[in-house]
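A.B. asks: Questions regarding the structure given below will be posed in turn.
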Amino acid sequence: MSVDVHNHVMPNEALDLLRSDPGYGITIDDGRWSGVHHAAFTIDPSFYDPVAKLAYMDARRVGAAVVSAPPTLYFYEVSTADGVRLCDASNEGMAKFCAHAPDRLRWLANLPMQDPERAAATYRAAVRTGAVGAAIGTSVVGNRLDEKSFESFWAAADELGLPVLVHPAFNEPHAGLAPYYLQNVIGNLLETTVMVERLICSGVLARHPRVRLILLHGGGYVPYQAGRLAHACGVRPEIDIDAARVWDAFGQLYFDTITHDPAALRYLVERVGVDRVVLGTDMPFDMSEDRPMDVLESTLDPETIRVIADANAAELFGAVAPDPAAAR
């Protein structure tokens with residue numbers, strides 16, 4: 001079975017809240033999203049309808065998916081109370097969504113990261129109701145995940161030992177990226193790289209060895225430029241870790257397959273190891289890998305495909321959802 005670990009949903013419970021409360025700054029009119037966090041887009045039925053989701057997956061030969069809220073539903077800039085309301089609606093909705101096909105769908109918790117302690121509590125509560133991990137942004141409205149204020153969240157993530165998918169979000173503005181959609185094309189990969197290298201340099205990953213991160217879009221520039229960080233460890237006083245720490249961190253990282261380039265995908269597998277690559281699509285956004293299995297089959301051998309498309313996800317998330325009682 002092929003298992004897509006980067007697949008998005010926007011459940012009706014969350015959409016209904018956004019429609020009813022103008023304070024979030026979103027307009028949903030005739031199936032179109034407009035407002036903050038993303039350029040206007042059509043809300044495909046597979047975002048909120050599990051029957052449409054399964055049909056969308058079937059058409060692309062995706063057997064199962066670990067779904068998550070996209071960054072459009074993070075809303076880290078609002079108050080903690082409003083963030084919690086939206087996360088609760090998202091998580092309740094995803095639990096119902098996945099209950100439609102529990103043999104094919106799992107979900108990752110949406111968390112109010114503007115309040116790390118509340119995020120930790122929300123994470124634990126979501127696991128009790130079936131979440132198999134969490135999905136968070138690479139930054140929280142300018143605050144970086146290695147800052148001390150997030151230690152309580154990382155402690156909870158280490159305690160739970162479930163995967164944390166980290167999605168580019170709240171990218172810092174860069175004048176050179178303004179035109180041509182480069183804030184996404186380049187900026188998303190840069191945000192992932194910044195996030196990971198800061199977590200390594202600050203010691204967050206070393207302090208929390210049970211934390212496992214899923215990096216999107218092939219891991220940004222991390223697989224291709226980690227050697228530069230390792231080199232800097234030996235020559236720059238600003239970095240207070242040994243170069244070995246950089247490579248050790250790769251044992252806590254997983255990389256999705258979205259590279260949009262077979263040569264880059266082959267290198268990714270060679271560089272990080274077949275056991276560290278997982279199938280990802282970004283469905284149903286327009287920047288998704290629309291024919292993921294076709295790409296794998298034209299790029300990799302059958303055994304490598306089996307490991308990437310199935311075995312690694314099974315190792316990360318288990319064949320079935322964890323017993324909710326385990327999180328109590």
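Residues are referred to by chain and number: the chain letter is A, B, ... according to the order shown in the structure tokens, the number counts from 1 in that chain, and ligands are numbered separately from 1 in the order shown.
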Find the residues around A:Gln225 up to 12 Å (only C-alpha atoms counted), leave out those fewer than 6 positions away in its own chain, and share them as a PyMOL selection string.
C.D. replies: chain A and resi 190+193-194+196-197+219+231-232+246-247+268+271
A.B. asks: Output C-alpha atoms for every residue in that selection, as a CSV table (one decimal), in the first residue's frame.
C.D. replies:
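Now in selection.csv:
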chain,number,residue,atom,x,y,z
A,190,LEU,CA,14.5,28.0,2.8
A,193,THR,CA,16.3,24.6,6.1
A,194,VAL,CA,16.4,27.5,8.6
A,196,VAL,CA,16.1,22.4,11.0
A,197,GLU,CA,19.6,23.9,11.2
A,219,GLY,CA,13.8,18.6,3.1
A,231,HIS,CA,32.1,22.6,8.1
A,232,ALA,CA,31.1,25.8,9.9
A,246,VAL,CA,24.8,17.7,12.4
A,247,TRP,CA,25.1,14.2,11.0
A,268,LEU,CA,17.8,12.5,-1.9
A,271,ARG,CA,22.1,11.0,0.5
A.B. asks: Would you list, as a PyMOL selection string, the residues of stretch 70-161 of chain A that end up in strand (DSSP E) under DSSP run on this structure's backbone?
C.D. replies: chain A and resi 105-107+109-110+134-137+139-140+143-144
A.B. asks: In Å to one decimal, how far is atom CA of A:Asp146 from atom CA of A:Thr192?
C.D. replies: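 Between atom CA of A:Thr192 and atom CA of A:Asp146 the gap works out to 12.9 Å.
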A.B. asks: Once you count only C-alpha atoms, what closest atom pair and distance in Å to one decimal does each residue of stretch 87-152 of chain A within 12 Å of stretch 18-26 of chain A have, with rows by chain and rising residue number, as a tab-separated table?
C.D. replies:
residue	atom	partner	partner_atom	distance
A:Cys87	CA	A:Leu18	CA	11.6
A:Ala89	CA	A:Leu18	CA	10.1
A:Ser90	CA	A:Leu18	CA	10.9
A.B. asks: Go through stretch 101-202 of chain A and flag each residue having an atom no more than 9 Å from stretch 36-58 of chain A; for those, report the closest pair of atoms plus their distance in Å to one decimal, using only C-alpha atoms, ordered by chain and rising number, as JSON lines.
C.D. replies:
{"residue": "A:Ala101", "atom": "CA", "partner": "A:Pro50", "partner_atom": "CA", "distance": 7.9}
{"residue": "A:Arg104", "atom": "CA", "partner": "A:Leu54", "partner_atom": "CA", "distance": 8.4}
{"residue": "A:Leu105", "atom": "CA", "partner": "A:Leu54", "partner_atom": "CA", "distance": 9.0}
{"residue": "A:Ala169", "atom": "CA", "partner": "A:His37", "partner_atom": "CA", "distance": 8.4}
{"residue": "A:Phe170", "atom": "CA", "partner": "A:His37", "partner_atom": "CA", "distance": 7.9}
A.B. asks: Based on the selection just made, write N, CA and C atoms of those residues as a PDB file, in the first residue's frame.
C.D. replies:
ATOM      1  N   ALA A 101     -13.051   6.225   6.965  1.00  0.00           N
ATOM      2  CA  ALA A 101     -12.262   5.132   6.371  1.00  0.00           C
ATOM      3  C   ALA A 101     -11.045   4.878   7.236  1.00  0.00           C
ATOM      4  N   ARG A 104      -7.770   3.560   5.919  1.00  0.00           N
ATOM      5  CA  ARG A 104      -7.017   4.303   4.909  1.00  0.00           C
ATOM      6  C   ARG A 104      -6.601   5.697   5.362  1.00  0.00           C
ATOM      7  N   LEU A 105      -7.188   6.204   6.413  1.00  0.00           N
ATOM      8  CA  LEU A 105      -6.941   7.587   6.797  1.00  0.00           C
ATOM      9  C   LEU A 105      -6.523   7.685   8.260  1.00  0.00           C
ATOM     10  N   ALA A 169       5.669  27.809   6.995  1.00  0.00           N
ATOM     11  CA  ALA A 169       4.565  28.708   7.336  1.00  0.00           C
ATOM     12  C   ALA A 169       5.138  29.993   7.910  1.00  0.00           C
ATOM     13  N   PHE A 170       4.427  31.075   7.703  1.00  0.00           N
ATOM     14  CA  PHE A 170       4.838  32.392   8.185  1.00  0.00           C
ATOM     15  C   PHE A 170       6.258  32.729   7.727  1.00  0.00           C
TER      16      PHE A 170
END
A.B. asks: Neighbouring residues of A:Gly234 were defined as those with any atom within 9 Å, considering only C-alpha atoms; residues of the same chain fewer than 6 positions away were excluded. Please report them as a list in words.
C.D. replies: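 Here the qualifying residues turn out to be Ile241, Asp242 and Ala243 of chain A.
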A.B. asks: Compare A:Val9, A:Met293, A:Val132, A:Ile28 by their minimum atom-to-atom distance to A:Ala313, counting only C-alpha atoms, and give me the closest one.
C.D. replies: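 Closest to A:Ala313 of all the choices is A:Val132.
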A.B. asks: Stretch 67-221 of chain A: which residues are helix (DSSP H, G or I) by DSSP, as number ranges by chain?
C.D. replies: A: 71-73, 80-99, 116-128, 148-160, 175-177, 182-185, 187-201, 204-207, 217-219
A.B. asks: Compile the contact shell of A:Leu17 as a ChimeraX atom specification: residues with an atom at most 9 Å away, counting only C-alpha atoms, same-chain residues fewer than 5 positions apart removed.
C.D. replies: /A:12,85-86,89
A.B. asks: Tell me, as a compact mmCIF listing (two decimals) with N, CA and C atoms, in the first residue's frame, which residues lie within 10 Å of A:Arg212, counting only C-alpha atoms; anything in the same chain fewer than 6 positions away does not count.
C.D. replies:
# COMPACT_ATOMS: atom_id res chain seq x y z
N GLY A 133 0.24 11.97 15.50
CA GLY A 133 1.35 12.90 15.47
C GLY A 133 0.80 14.31 15.40
N ALA A 157 6.48 16.62 22.90
CA ALA A 157 6.69 15.83 21.69
C ALA A 157 7.64 14.67 21.96
N ASP A 158 8.67 14.92 22.77
CA ASP A 158 9.61 13.86 23.13
C ASP A 158 8.93 12.79 23.97
N GLY A 161 6.57 10.82 21.65
CA GLY A 161 7.35 10.01 20.72
C GLY A 161 6.70 9.79 19.37
N LEU A 162 5.78 10.66 18.98
CA LEU A 162 5.10 10.54 17.69
C LEU A 162 5.70 11.53 16.69
N PRO A 163 5.59 11.27 15.40
CA PRO A 163 6.20 12.17 14.41
C PRO A 163 5.57 13.55 14.41
N VAL A 164 6.39 14.54 14.16
CA VAL A 164 5.95 15.93 14.01
C VAL A 164 6.28 16.37 12.59
N LEU A 165 5.25 16.61 11.81
CA LEU A 165 5.42 17.15 10.46
C LEU A 165 5.57 18.66 10.59
N LEU A 205 17.17 19.13 19.18
CA LEU A 205 17.03 17.73 18.78
C LEU A 205 17.86 16.81 19.68
N ALA A 249 21.88 14.31 13.80
CA ALA A 249 20.50 14.78 13.72
C ALA A 249 19.72 14.10 12.60
N PHE A 250 20.41 13.64 11.58
CA PHE A 250 19.71 12.99 10.47
C PHE A 250 18.97 11.73 10.93
N GLY A 251 19.38 11.16 12.05
CA GLY A 251 18.67 10.00 12.59
C GLY A 251 17.29 10.34 13.11
N GLN A 252 16.99 11.63 13.26
CA GLN A 252 15.67 12.07 13.73
C GLN A 252 14.85 12.72 12.63
N LEU A 253 15.35 12.69 11.40
CA LEU A 253 14.70 13.40 10.30
C LEU A 253 14.19 12.43 9.24
N TYR A 254 13.01 12.74 8.71
CA TYR A 254 12.46 12.04 7.56
C TYR A 254 12.15 13.08 6.49
N LEU A 316 6.84 4.67 11.08
CA LEU A 316 6.60 5.95 11.74
C LEU A 316 5.28 5.98 12.48
A.B. asks: Set out as a Markdown table a contact list for stretch 67-182 of chain A and stretch 4-7 of chain A with a cut-off of 10 Å, giving each residue of stretch 67-182 of chain A that qualifies its closest atom pair and distance in Å to one decimal, counting only C-alpha atoms, ordered by chain and rising residue number.
C.D. replies:
| residue | atom | partner | partner_atom | distance |
| --- | --- | --- | --- | --- |
| A:Val67 | CA | A:Asn7 | CA | 4.9 |
| A:Ser68 | CA | A:Asn7 | CA | 6.3 |
| A:Ala69 | CA | A:Asn7 | CA | 8.5 |
| A:Pro70 | CA | A:Asn7 | CA | 8.5 |
| A:Leu105 | CA | A:Asp4 | CA | 9.7 |
| A:Arg106 | CA | A:Val5 | CA | 9.2 |
| A:Trp107 | CA | A:Val5 | CA | 9.3 |
| A:Leu108 | CA | A:Val5 | CA | 9.6 |
| A:Ala135 | CA | A:His6 | CA | 9.8 |
| A:Leu165 | CA | A:His6 | CA | 8.3 |
| A:His167 | CA | A:His6 | CA | 9.3 |
